[in-house]
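**Student:** Here you go, this is upload31.cif (mmCIF, C-alpha atoms and all ligand atoms).
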```
data_coords
#
loop_
_atom_site.group_PDB
_atom_site.id
_atom_site.type_symbol
_atom_site.label_atom_id
_atom_site.label_comp_id
_atom_site.auth_asym_id
_atom_site.auth_seq_id
_atom_site.Cartn_x
_atom_site.Cartn_y
_atom_site.Cartn_z
ATOM 1 C CA SER A 1 31.256 -7.457 7.134
ATOM 2 C CA SER A 2 31.442 -3.717 6.520
ATOM 3 C CA SER A 3 28.252 -3.767 4.444
ATOM 4 C CA ALA A 4 26.187 -5.336 7.235
ATOM 5 C CA SER A 5 24.577 -2.049 8.206
ATOM 6 C CA LEU A 6 23.619 -0.986 4.676
ATOM 7 C CA PRO A 7 19.889 -1.337 4.066
ATOM 8 C CA GLU A 8 18.936 -4.388 2.014
ATOM 9 C CA ARG A 9 17.674 -3.513 -1.441
ATOM 10 C CA ASP A 10 17.256 -4.912 -4.913
ATOM 11 C CA SER A 11 16.826 -3.737 -8.476
ATOM 12 C CA TYR A 12 13.762 -4.489 -10.582
ATOM 13 C CA GLY A 13 13.482 -7.901 -12.190
ATOM 14 C CA LYS A 14 15.313 -8.802 -15.357
ATOM 15 C CA ASN A 15 12.695 -11.295 -16.527
ATOM 16 C CA GLY A 16 9.659 -9.703 -14.874
ATOM 17 C CA PHE A 17 9.040 -12.528 -12.432
ATOM 18 C CA VAL A 18 8.756 -11.801 -8.724
ATOM 19 C CA HIS A 19 11.844 -12.661 -6.696
ATOM 20 C CA ILE A 20 11.287 -15.088 -3.882
ATOM 21 C CA LYS A 21 14.263 -14.771 -1.584
ATOM 22 C CA ASN A 22 13.702 -17.862 0.497
ATOM 23 C CA PRO A 23 15.873 -20.947 -0.164
ATOM 24 C CA HIS A 24 13.582 -23.111 1.970
ATOM 25 C CA LEU A 25 10.461 -22.621 -0.126
ATOM 26 C CA ASP A 26 11.509 -25.013 -2.921
ATOM 27 C CA SER A 27 11.593 -27.956 -0.524
ATOM 28 C CA LEU A 28 7.962 -27.499 0.561
ATOM 29 C CA PRO A 29 5.752 -30.256 -0.911
ATOM 30 C CA GLU A 30 2.777 -27.908 -0.746
ATOM 31 C CA ASP A 31 2.486 -24.217 0.092
ATOM 32 C CA ILE A 32 -0.590 -23.272 2.088
ATOM 33 C CA LEU A 33 -1.417 -19.575 1.934
ATOM 34 C CA TYR A 34 -3.257 -19.823 5.217
ATOM 35 C CA HIS A 35 -4.650 -16.278 5.552
ATOM 36 C CA PHE A 36 -6.014 -16.372 1.986
ATOM 37 C CA ASP A 37 -7.447 -19.883 2.316
ATOM 38 C CA LEU A 38 -5.568 -20.819 -0.889
ATOM 39 C CA GLY A 39 -2.839 -23.374 -1.558
ATOM 40 C CA THR A 40 -0.680 -24.896 -4.294
ATOM 41 C CA LYS A 41 -2.271 -28.365 -3.954
ATOM 42 C CA THR A 42 -5.868 -27.220 -3.556
ATOM 43 C CA HIS A 43 -5.918 -24.469 -6.198
ATOM 44 C CA ASP A 44 -4.564 -24.073 -9.731
ATOM 45 C CA LEU A 45 -2.862 -20.759 -9.016
ATOM 46 C CA PRO A 46 -1.391 -20.250 -12.542
ATOM 47 C CA SER A 47 -4.820 -20.541 -14.152
ATOM 48 C CA MET A 48 -6.532 -18.479 -11.447
ATOM 49 C CA PHE A 49 -3.954 -15.657 -11.312
ATOM 50 C CA GLY A 50 -1.434 -16.055 -14.155
ATOM 51 C CA ASP A 51 -2.764 -13.030 -16.094
ATOM 52 C CA VAL A 52 -2.588 -10.551 -13.163
ATOM 53 C CA LYS A 53 -0.685 -7.356 -14.056
ATOM 54 C CA PHE A 54 -1.965 -4.873 -11.448
ATOM 55 C CA VAL A 55 -2.431 -5.527 -7.762
ATOM 56 C CA CYS A 56 -4.217 -2.867 -5.706
ATOM 57 C CA VAL A 57 -4.199 -3.156 -1.944
ATOM 58 C CA GLY A 58 -5.933 -1.099 0.743
ATOM 59 C CA GLY A 59 -6.884 -1.426 4.385
ATOM 60 C CA SER A 60 -10.622 -2.006 4.268
ATOM 61 C CA ALA A 61 -12.370 -5.053 2.776
ATOM 62 C CA ASN A 62 -15.413 -2.991 1.758
ATOM 63 C CA ARG A 63 -13.320 -0.356 0.021
ATOM 64 C CA MET A 64 -11.374 -2.979 -1.922
ATOM 65 C CA ARG A 65 -14.638 -4.600 -3.024
ATOM 66 C CA ALA A 66 -15.901 -1.177 -4.125
ATOM 67 C CA PHE A 67 -12.632 -0.685 -6.019
ATOM 68 C CA ALA A 68 -13.096 -4.031 -7.808
ATOM 69 C CA LEU A 69 -16.632 -3.036 -8.874
ATOM 70 C CA PHE A 70 -15.403 0.391 -9.981
ATOM 71 C CA ILE A 71 -12.528 -1.025 -12.043
ATOM 72 C CA HIS A 72 -14.902 -3.553 -13.613
ATOM 73 C CA GLN A 73 -17.019 -0.659 -14.827
ATOM 74 C CA GLU A 74 -14.021 1.476 -15.863
ATOM 75 C CA LEU A 75 -12.444 -1.324 -17.917
ATOM 76 C CA GLY A 76 -15.782 -1.899 -19.643
ATOM 77 C CA LEU A 77 -15.752 -5.602 -18.820
ATOM 78 C CA GLU A 78 -18.758 -7.768 -19.551
ATOM 79 C CA GLY A 79 -21.464 -8.758 -17.076
ATOM 80 C CA GLU A 80 -22.750 -7.189 -13.926
ATOM 81 C CA GLY A 81 -19.815 -6.149 -11.760
ATOM 82 C CA THR A 82 -22.004 -7.040 -8.780
ATOM 83 C CA GLU A 83 -21.124 -10.699 -9.194
ATOM 84 C CA VAL A 84 -17.432 -10.087 -8.346
ATOM 85 C CA ALA A 85 -16.799 -12.778 -5.725
ATOM 86 C CA ASP A 86 -14.422 -12.744 -2.760
ATOM 87 C CA ILE A 87 -11.686 -15.273 -3.616
ATOM 88 C CA CYS A 88 -10.772 -15.408 0.087
ATOM 89 C CA ALA A 89 -14.339 -16.048 1.259
ATOM 90 C CA GLY A 90 -13.045 -19.056 3.236
ATOM 91 C CA THR A 91 -11.289 -16.705 5.642
ATOM 92 C CA ASP A 92 -12.268 -13.356 7.141
ATOM 93 C CA ARG A 93 -8.674 -12.143 7.496
ATOM 94 C CA TYR A 94 -8.444 -10.581 4.023
ATOM 95 C CA SER A 95 -10.735 -10.105 1.013
ATOM 96 C CA MET A 96 -9.596 -10.556 -2.583
ATOM 97 C CA TYR A 97 -11.316 -9.758 -5.885
ATOM 98 C CA LYS A 98 -10.092 -10.314 -9.433
ATOM 99 C CA VAL A 99 -11.309 -8.198 -12.312
ATOM 100 C CA GLY A 100 -9.517 -9.026 -15.580
ATOM 101 C CA PRO A 101 -5.808 -8.326 -15.012
ATOM 102 C CA VAL A 102 -6.514 -6.425 -11.768
ATOM 103 C CA LEU A 103 -6.381 -7.981 -8.310
ATOM 104 C CA SER A 104 -7.896 -5.984 -5.420
ATOM 105 C CA ILE A 105 -7.001 -7.117 -1.889
ATOM 106 C CA SER A 106 -7.559 -5.767 1.611
ATOM 107 C CA HIS A 107 -4.676 -5.737 4.105
ATOM 108 C CA GLY A 108 -6.136 -4.531 7.399
ATOM 109 C CA MET A 109 -4.492 -1.873 9.553
ATOM 110 C CA GLY A 110 -0.841 -1.616 10.444
ATOM 111 C CA ILE A 111 2.542 -3.091 9.554
ATOM 112 C CA PRO A 112 2.040 -6.624 10.958
ATOM 113 C CA SER A 113 -1.283 -7.040 9.134
ATOM 114 C CA ILE A 114 -0.057 -5.852 5.717
ATOM 115 C CA SER A 115 3.204 -7.749 6.109
ATOM 116 C CA ILE A 116 1.440 -11.127 6.536
ATOM 117 C CA MET A 117 -0.716 -10.352 3.501
ATOM 118 C CA LEU A 118 2.325 -9.383 1.390
ATOM 119 C CA HIS A 119 4.236 -12.596 2.212
ATOM 120 C CA GLU A 120 1.305 -14.659 0.956
ATOM 121 C CA LEU A 121 0.525 -12.362 -1.984
ATOM 122 C CA ILE A 122 4.123 -12.386 -3.243
ATOM 123 C CA LYS A 123 4.238 -16.194 -2.977
ATOM 124 C CA LEU A 124 0.884 -16.356 -4.787
ATOM 125 C CA LEU A 125 2.269 -14.224 -7.672
ATOM 126 C CA HIS A 126 5.333 -16.498 -7.759
ATOM 127 C CA HIS A 127 3.359 -19.759 -7.769
ATOM 128 C CA ALA A 128 1.026 -18.315 -10.425
ATOM 129 C CA LYS A 129 4.091 -17.354 -12.574
ATOM 130 C CA CYS A 130 2.872 -13.765 -12.936
ATOM 131 C CA ARG A 131 5.158 -11.376 -14.829
ATOM 132 C CA ASP A 132 5.610 -7.602 -14.857
ATOM 133 C CA VAL A 133 3.272 -6.932 -11.968
ATOM 134 C CA THR A 134 2.694 -3.394 -10.693
ATOM 135 C CA ILE A 135 1.413 -3.087 -7.125
ATOM 136 C CA ILE A 136 -0.244 0.005 -5.687
ATOM 137 C CA ARG A 137 -1.431 0.706 -2.153
ATOM 138 C CA ILE A 138 -4.485 2.986 -2.220
ATOM 139 C CA GLY A 139 -5.185 4.288 1.245
ATOM 140 C CA THR A 140 -6.114 6.995 3.680
ATOM 141 C CA SER A 141 -3.752 9.143 5.728
ATOM 142 C CA GLY A 142 -3.388 12.276 7.807
ATOM 143 C CA GLY A 143 -1.874 15.235 5.941
ATOM 144 C CA ILE A 144 0.701 17.666 7.299
ATOM 145 C CA GLY A 145 0.284 21.258 6.147
ATOM 146 C CA ILE A 146 -1.768 20.369 3.070
ATOM 147 C CA GLU A 147 -5.435 20.765 2.192
ATOM 148 C CA PRO A 148 -7.625 17.816 3.305
ATOM 149 C CA GLY A 149 -8.576 15.690 0.300
ATOM 150 C CA THR A 150 -5.132 16.096 -1.278
ATOM 151 C CA VAL A 151 -3.765 12.858 -2.736
ATOM 152 C CA VAL A 152 -0.137 12.137 -1.822
ATOM 153 C CA ILE A 153 1.963 9.869 -4.060
ATOM 154 C CA THR A 154 4.868 8.619 -1.954
ATOM 155 C CA ASP A 155 8.434 8.984 -3.223
ATOM 156 C CA VAL A 156 9.939 7.444 -0.103
ATOM 157 C CA ALA A 157 8.348 5.992 3.017
ATOM 158 C CA VAL A 158 10.027 7.061 6.267
ATOM 159 C CA ASP A 159 9.804 5.823 9.844
ATOM 160 C CA SER A 160 8.927 7.864 12.966
ATOM 161 C CA PHE A 161 12.491 9.247 12.993
ATOM 162 C CA PHE A 162 12.093 10.394 9.347
ATOM 163 C CA ARG A 163 14.585 7.722 8.206
ATOM 164 C CA PRO A 164 14.005 6.109 4.771
ATOM 165 C CA GLN A 165 14.123 2.580 6.153
ATOM 166 C CA PHE A 166 12.148 -0.253 7.675
ATOM 167 C CA GLU A 167 13.520 -2.221 10.610
ATOM 168 C CA GLN A 168 12.409 -5.849 10.588
ATOM 169 C CA VAL A 169 13.193 -7.878 13.687
ATOM 170 C CA VAL A 170 14.414 -11.301 12.439
ATOM 171 C CA LEU A 171 15.144 -13.791 15.235
ATOM 172 C CA ASP A 172 16.863 -11.477 17.706
ATOM 173 C CA LYS A 173 18.438 -9.190 15.133
ATOM 174 C CA VAL A 174 17.280 -5.992 13.475
ATOM 175 C CA VAL A 175 17.447 -6.124 9.664
ATOM 176 C CA VAL A 176 17.290 -2.714 7.999
ATOM 177 C CA ARG A 177 15.569 -2.472 4.615
ATOM 178 C CA ASN A 178 15.346 0.400 2.130
ATOM 179 C CA THR A 179 11.933 2.032 1.580
ATOM 180 C CA ASP A 180 12.274 3.869 -1.754
ATOM 181 C CA LEU A 181 9.296 3.505 -4.056
ATOM 182 C CA HIS A 182 9.451 3.271 -7.848
ATOM 183 C CA ARG A 183 10.327 6.765 -9.034
ATOM 184 C CA GLU A 184 9.086 6.455 -12.619
ATOM 185 C CA LEU A 185 5.765 4.955 -11.500
ATOM 186 C CA ALA A 186 5.260 7.853 -9.069
ATOM 187 C CA GLU A 187 5.951 10.340 -11.892
ATOM 188 C CA ASP A 188 3.544 8.519 -14.236
ATOM 189 C CA LEU A 189 0.833 8.617 -11.567
ATOM 190 C CA LEU A 190 1.390 12.328 -10.996
ATOM 191 C CA GLN A 191 1.043 12.846 -14.752
ATOM 192 C CA CYS A 192 -2.270 10.924 -14.682
ATOM 193 C CA SER A 193 -3.520 13.144 -11.876
ATOM 194 C CA LYS A 194 -2.823 16.215 -14.012
ATOM 195 C CA GLU A 195 -4.959 14.728 -16.758
ATOM 196 C CA ILE A 196 -7.885 14.102 -14.383
ATOM 197 C CA ALA A 197 -7.305 17.422 -12.576
ATOM 198 C CA SER A 198 -10.314 17.120 -10.273
ATOM 199 C CA PHE A 199 -8.415 17.061 -6.967
ATOM 200 C CA PRO A 200 -4.982 18.237 -5.755
ATOM 201 C CA THR A 201 -2.211 15.629 -6.009
ATOM 202 C CA ILE A 202 1.421 15.919 -4.902
ATOM 203 C CA ILE A 203 4.522 13.759 -4.536
ATOM 204 C CA GLY A 204 6.028 13.696 -1.031
ATOM 205 C CA HIS A 205 7.454 11.597 1.761
ATOM 206 C CA THR A 206 5.014 9.428 3.723
ATOM 207 C CA MET A 207 5.649 8.697 7.387
ATOM 208 C CA CYS A 208 4.641 5.238 8.577
ATOM 209 C CA THR A 209 3.952 4.681 12.271
ATOM 210 C CA TYR A 210 3.053 1.768 14.566
ATOM 211 C CA ASP A 211 0.074 3.587 16.099
ATOM 212 C CA PHE A 212 -2.728 5.948 15.069
ATOM 213 C CA TYR A 213 -2.814 7.951 18.340
ATOM 214 C CA GLU A 214 0.363 8.689 20.338
ATOM 215 C CA GLY A 215 2.471 7.239 17.517
ATOM 216 C CA GLN A 216 1.125 9.950 15.158
ATOM 217 C CA GLY A 217 1.357 12.733 17.754
ATOM 218 C CA ARG A 218 -2.380 12.805 18.501
ATOM 219 C CA LEU A 219 -3.629 14.496 21.653
ATOM 220 C CA ASP A 220 -6.955 12.595 21.634
ATOM 221 C CA GLY A 221 -6.045 8.968 22.416
ATOM 222 C CA ALA A 222 -6.709 7.055 25.633
ATOM 223 C CA LEU A 223 -3.108 7.855 26.553
ATOM 224 C CA CYS A 224 -1.086 10.971 25.815
ATOM 225 C CA SER A 225 2.325 11.577 27.319
ATOM 226 C CA PHE A 226 3.324 14.822 25.542
ATOM 227 C CA SER A 227 2.216 18.464 25.373
ATOM 228 C CA LYS A 228 0.457 20.302 22.582
ATOM 229 C CA GLU A 229 3.684 22.222 21.974
ATOM 230 C CA GLU A 230 5.678 18.992 21.626
ATOM 231 C CA LYS A 231 3.111 17.663 19.168
ATOM 232 C CA PHE A 232 3.406 20.712 16.914
ATOM 233 C CA GLU A 233 7.182 20.793 17.176
ATOM 234 C CA TYR A 234 7.298 17.124 16.019
ATOM 235 C CA LEU A 235 4.855 17.570 13.121
ATOM 236 C CA GLN A 236 6.716 20.719 12.064
ATOM 237 C CA ARG A 237 9.984 18.780 12.016
ATOM 238 C CA ALA A 238 8.301 16.035 9.976
ATOM 239 C CA PHE A 239 7.103 18.652 7.466
ATOM 240 C CA THR A 240 10.616 20.158 7.245
ATOM 241 C CA ALA A 241 11.997 16.648 6.606
ATOM 242 C CA GLY A 242 9.645 16.424 3.586
ATOM 243 C CA VAL A 243 6.823 14.401 5.150
ATOM 244 C CA ARG A 244 3.418 15.328 3.702
ATOM 245 C CA ASN A 245 1.261 12.538 5.130
ATOM 246 C CA ILE A 246 1.163 9.877 7.855
ATOM 247 C CA GLU A 247 -0.199 6.343 7.651
ATOM 248 C CA MET A 248 0.594 2.887 8.997
ATOM 249 C CA GLU A 249 1.783 0.491 6.260
ATOM 250 C CA SER A 250 4.045 2.215 3.718
ATOM 251 C CA THR A 251 7.516 1.317 5.038
ATOM 252 C CA VAL A 252 7.069 -2.452 5.103
ATOM 253 C CA PHE A 253 5.116 -2.303 1.821
ATOM 254 C CA ALA A 254 7.958 -0.394 0.112
ATOM 255 C CA ALA A 255 10.659 -2.642 1.589
ATOM 256 C CA MET A 256 9.048 -5.972 0.732
ATOM 257 C CA CYS A 257 7.941 -4.984 -2.774
ATOM 258 C CA GLN A 258 11.352 -3.616 -3.631
ATOM 259 C CA LEU A 259 13.197 -6.725 -2.395
ATOM 260 C CA CYS A 260 10.855 -8.972 -4.370
ATOM 261 C CA GLY A 261 11.208 -6.952 -7.579
ATOM 262 C CA LEU A 262 7.680 -5.531 -7.691
ATOM 263 C CA LYS A 263 7.165 -2.071 -9.171
ATOM 264 C CA ALA A 264 5.322 -0.392 -6.286
ATOM 265 C CA ALA A 265 3.511 2.846 -5.443
ATOM 266 C CA VAL A 266 1.685 4.259 -2.423
ATOM 267 C CA VAL A 267 -1.199 6.634 -3.178
ATOM 268 C CA CYS A 268 -3.079 7.941 -0.139
ATOM 269 C CA VAL A 269 -5.700 10.632 0.242
ATOM 270 C CA THR A 270 -5.397 12.874 3.313
ATOM 271 C CA LEU A 271 -8.527 12.980 5.474
ATOM 272 C CA LEU A 272 -7.462 15.980 7.561
ATOM 273 C CA ASN A 273 -4.630 18.445 8.098
ATOM 274 C CA ARG A 274 -2.869 17.417 11.303
ATOM 275 C CA LEU A 275 -1.766 21.019 11.902
ATOM 276 C CA GLU A 276 -5.492 21.852 12.253
ATOM 277 C CA GLY A 277 -6.571 18.955 14.482
ATOM 278 C CA ASP A 278 -6.531 15.289 15.375
ATOM 279 C CA GLN A 279 -10.116 14.085 15.027
ATOM 280 C CA ILE A 280 -11.514 13.016 11.682
ATOM 281 C CA ALA A 281 -14.535 15.269 11.696
ATOM 282 C CA GLU A 282 -15.431 15.640 8.020
ATOM 283 C CA SER A 283 -18.905 14.414 7.072
ATOM 284 C CA HIS A 284 -19.418 10.810 6.053
ATOM 285 C CA ASP A 285 -20.148 11.872 2.456
ATOM 286 C CA THR A 286 -16.983 13.965 2.231
ATOM 287 C CA LEU A 287 -14.873 11.081 3.544
ATOM 288 C CA ILE A 288 -16.469 8.704 1.025
ATOM 289 C CA GLU A 289 -15.696 11.138 -1.785
ATOM 290 C CA TYR A 290 -12.065 11.574 -0.598
ATOM 291 C CA GLN A 291 -11.548 7.802 -0.509
ATOM 292 C CA LYS A 292 -12.610 7.518 -4.144
ATOM 293 C CA ARG A 293 -9.806 9.837 -5.277
ATOM 294 C CA PRO A 294 -6.915 7.329 -5.178
ATOM 295 C CA GLN A 295 -9.239 4.818 -6.903
ATOM 296 C CA GLN A 296 -10.009 7.275 -9.711
ATOM 297 C CA LEU A 297 -6.329 7.997 -10.185
ATOM 298 C CA ILE A 298 -5.353 4.310 -10.293
ATOM 299 C CA ALA A 299 -8.247 3.448 -12.638
ATOM 300 C CA GLU A 300 -6.990 6.155 -15.003
ATOM 301 C CA TYR A 301 -3.440 4.815 -14.795
ATOM 302 C CA ILE A 302 -4.517 1.210 -15.452
ATOM 303 C CA LYS A 303 -6.694 2.242 -18.407
ATOM 304 C CA LYS A 304 -3.748 4.127 -19.876
ATOM 305 C CA GLN A 305 -1.449 1.130 -19.431
ATOM 306 C CA LEU A 306 -4.014 -1.113 -21.135
ATOM 307 C CA ASN A 307 -4.467 1.433 -23.955
ATOM 308 C CA LEU A 308 -8.118 1.951 -23.011
ATOM 309 C CA SER A 309 -7.791 5.734 -22.679
HETATM 310 C C1 LIG A 401 -4.530 4.631 7.299
HETATM 311 O O1 LIG A 401 -5.733 4.518 7.877
HETATM 312 C C2 LIG A 401 -5.681 3.477 8.862
HETATM 313 C C3 LIG A 401 -5.895 4.073 10.223
HETATM 314 O O2 LIG A 401 -7.088 4.778 10.291
HETATM 315 C C4 LIG A 401 -4.365 2.803 8.669
HETATM 316 O O3 LIG A 401 -4.479 1.513 8.113
HETATM 317 C C5 LIG A 401 -3.697 3.657 7.701
HETATM 318 O O4 LIG A 401 -2.479 3.393 7.214
HETATM 319 N N1 LIG A 402 -4.890 7.134 8.680
HETATM 320 C C1 LIG A 402 -3.860 7.364 9.512
HETATM 321 O O1 LIG A 402 -3.017 6.489 9.737
HETATM 322 N N2 LIG A 402 -3.777 8.583 10.089
HETATM 323 C C2 LIG A 402 -4.692 9.539 9.892
HETATM 324 O O2 LIG A 402 -4.569 10.626 10.479
HETATM 325 C C3 LIG A 402 -5.771 9.277 9.025
HETATM 326 C C4 LIG A 402 -5.847 8.044 8.431
#
```
Using the file provided, produce a representation of the structure as structure tokens.
Ligand code: R2B
Ligand code: URA

**Tutor:**
Amino acid sequence: SSSASLPERDSYGKNGFVHIKNPHLDSLPEDILYHFDLGTKTHDLPSMFGDVKFVCVGGSANRMRAFALFIHQELGLEGEGTEVADICAGTDRYSMYKVGPVLSISHGMGIPSISIMLHELIKLLHHAKCRDVTIIRIGTSGGIGIEPGTVVITDVAVDSFFRPQFEQVVLDKVVVRNTDLHRELAEDLLQCSKEIASFPTIIGHTMCTYDFYEGQGRLDGALCSFSKEEKFEYLQRAFTAGVRNIEMESTVFAAMCQLCGLKAAVVCVTLLNRLEGDQIAESHDTLIEYQKRPQQLIAEYIKKQLNLS
């Protein structure tokens, strides 16, 4: 049909439930969420997860554990946060922590890794009958033409050609999906950043690539098939197209969350300015401090939503 080439997209849920767009799922006698080591027969997912309202995801298992401990402290919950246990301890693919209404999960690096996690997470939220869930990716990125340490809230994720879309290969066809993020959520997060005001925060486009080195125009990989001039010409064009940072998960994250009716945001700190270099050379302590910035912003947002601040 004539609409076949239009990107797939959806509007946000009418009843607040996640949308599972798979007619085959209902006929499964049991759903095993293999990479989480959870399942519908082995676990009571509604009682374990039914009260989840905020899901925060990020690449590293350690950082997502640190985020869970931090949010425990910020929400003023009882007990020692140190006892927060990894719900996915039966697998070392992903880590998952639950702190009150907040779920903190790692997704590894790159589109395939986060995509597997999101399939199982979205099914988990569905099986658990969660409603009105907001999902936020808190991550790291390379900035373009902005001060290192700046936090970028993504308005739209773009691919390596600066197109606002994600191409999913399904069987032997390419399905094109829209990668807009939730505009109002992005604005609310920017407002929160103004209230904290301890680091620069902007809204901009985020470019998502399949590689950290050549795929992001780096001159310092094991392979490099372009000149320094070509690198700068490409990054300059990205900047002109509105791209302010580069990472490796935002397009599939935006596409899947939107199709499943999840209100989603991407909030990444920039570790360097790619117009100044390719290597991440800041001190360990500086990098640790930078990585806390998206966490501080999201903690503030969640507290506001829960009327705790
Ligand atoms: C940001 O940082 C990782 C690469 O260093 C990757 O997961 C990403 O998106
Ligand atoms: N993550 C990326 O994907 N790129 C960077 O330059 C830094 C972190």

**Student:** Return as a PyMOL selection string the set of residues that the PyMOL selection byres (((not hetatm)) within 6 of (chain A and resi 401)) yields on the displayed structure.

**Tutor:** chain A and resi 59+109-110+140-141+247-249

**Student:** Could you list, as a PDB file with C-alpha atoms, in the frame of the given file, every residue within 7 Å of Cys260 in chain A, counting only C-alpha atoms and ignoring same-chain residues fewer than 2 positions away?

**Tutor:**
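Everything below was put into out.pdb:
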```
ATOM      1  CA  VAL A  18       8.756 -11.801  -8.724  1.00  0.00           C
ATOM      2  CA  HIS A  19      11.844 -12.661  -6.696  1.00  0.00           C
ATOM      3  CA  ILE A  20      11.287 -15.088  -3.882  1.00  0.00           C
ATOM      4  CA  MET A 256       9.048  -5.972   0.732  1.00  0.00           C
ATOM      5  CA  CYS A 257       7.941  -4.984  -2.774  1.00  0.00           C
ATOM      6  CA  GLN A 258      11.352  -3.616  -3.631  1.00  0.00           C
ATOM      7  CA  LEU A 262       7.680  -5.531  -7.691  1.00  0.00           C
TER       8      LEU A 262
END
```

**Student:** Box for range 93-103 of chain A - axis-aligned, 8 Å on each of the six sides, all listed atoms - centre and size in Å to one decimal, as JSON.

**Tutor:**
```
{"center_x": -8.6, "center_y": -9.3, "center_z": -4.0, "size_x": 21.5, "size_y": 21.7, "size_z": 39.1}
```

**Student:** Could you name the residues that touch Lys304 in chain A at 9 Å or less, counting only C-alpha atoms, but leaving out those on the same chain fewer than 5 positions away, as a ChimeraX atom specification?

**Tutor:** /A:192,299,309

**Student:** Within 10 Å of ligand LIG 402 (chain A), which residues of chain A come that close, and what is the closest atom pair and distance in Å for each? Count all atoms listed in the file and give it as CSV.

**Tutor:**
```
residue,atom,partner,partner_atom,distance
A:Gly59,CA,A:LIG402,N1,9.8
A:Met109,CA,A:LIG402,O1,8.5
A:Gly110,CA,A:LIG402,O1,8.4
A:Gly139,CA,A:LIG402,N1,8.0
A:Thr140,CA,A:LIG402,C4,4.9
A:Ser141,CA,A:LIG402,C4,3.6
A:Gly142,CA,A:LIG402,O2,3.4
A:Gly143,CA,A:LIG402,O2,7.0
A:Ile144,CA,A:LIG402,O2,9.4
A:Met207,CA,A:LIG402,O1,9.2
A:Cys208,CA,A:LIG402,O1,7.8
A:Thr209,CA,A:LIG402,O1,7.6
A:Tyr210,CA,A:LIG402,O1,9.1
A:Asp211,CA,A:LIG402,O1,7.6
A:Phe212,CA,A:LIG402,O1,5.4
A:Tyr213,CA,A:LIG402,N2,8.3
A:Gly215,CA,A:LIG402,O1,9.6
A:Gln216,CA,A:LIG402,N2,7.2
A:Gly217,CA,A:LIG402,O2,9.6
A:Arg218,CA,A:LIG402,O2,8.6
A:Asn245,CA,A:LIG402,N2,8.1
A:Ile246,CA,A:LIG402,N2,5.6
A:Glu247,CA,A:LIG402,O1,3.5
A:Met248,CA,A:LIG402,O1,5.2
A:Glu249,CA,A:LIG402,O1,8.4
A:Cys268,CA,A:LIG402,C4,9.0
A:Val269,CA,A:LIG402,C4,8.6
A:Thr270,CA,A:LIG402,C3,6.8
A:Leu271,CA,A:LIG402,C3,5.8
A:Leu272,CA,A:LIG402,O2,6.7
A:Asn273,CA,A:LIG402,O2,8.2
A:Arg274,CA,A:LIG402,O2,7.0
A:Gly277,CA,A:LIG402,O2,9.5
A:Asp278,CA,A:LIG402,O2,7.0
A:Gln279,CA,A:LIG402,O2,8.0
A:Ile280,CA,A:LIG402,C3,7.3
```

**Student:** Within 10 Å of range 236-240 of chain A, counting only C-alpha atoms, which residues qualify if same-chain residues fewer than 6 places away don't, as a list in words?

**Tutor:**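 Counting only C-alpha atoms, the residues come to Gly143, Ile144, Gly145, Val158, Ser160, Phe161, Phe162, Gly204, His205, Thr206, Met207, Glu230, Ile246 and Leu275 of chain A.
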
**Student:** Which of these, A:Arg163, A:Lys292, A:His126, A:Lys303, has the shortest distance to Phe67 in chain A once you count only C-alpha atoms?

**Tutor:**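 Answer, going by the shortest atom-to-atom distance: A:Lys292.
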
**Student:** Between A:Ala241, A:Leu38, A:Cys224, A:Leu75, single out the one closest to Thr91 in chain A, counting only C-alpha atoms.

**Tutor:**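 Ranking A:Ala241, A:Leu38, A:Cys224, A:Leu75 by distance to Thr91 in chain A, first place goes to A:Leu38.
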
**Student:** Return the single residue from A:His43, A:Arg177, A:Arg131, A:His182 that is closest to Pro101 in chain A, with distances computed using all atoms listed in the file.

**Tutor:**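 Looking only at the distances to Pro101 in chain A, the closest residue turns out to be A:Arg131.
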
**Student:** List the residues matched by the PyMOL selection byres (((chain A and resi 41) around 12) and not hetatm) in the displayed structure as a list in words, ordered by chain and then by residue number.

**Tutor:**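 Output of the PyMOL selection byres (((chain A and resi 41) around 12) and not hetatm): Leu28, Pro29, Glu30, Asp31, Ile32, Leu33, Asp37, Leu38, Gly39, Thr40, Thr42, His43, Asp44, Leu45, Pro46 and His127 of chain A.
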
**Student:** Near Gly90 in chain A, counting all atoms listed in the file, which residues have an atom at most 12 Å away, once you skip same-chain residues fewer than 3 positions from it, shown as a PyMOL selection string?

**Tutor:** chain A and resi 33-38+85-87+93-96

**Student:** Which one is closest to Gly76 in chain A: A:Leu306, A:Lys21, A:Phe226, A:Asn62? Count all atoms listed in the file.

**Tutor:**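 For Gly76 in chain A, the nearest of the given residues is A:Leu306.
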
**Student:** At what distance in Å, to one decimal, does CA of Leu185 in chain A lie from CA of Glu74 in chain A?

**Tutor:**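 So the two atoms, CA of Glu74 in chain A and CA of Leu185 in chain A, lie 20.6 Å apart.
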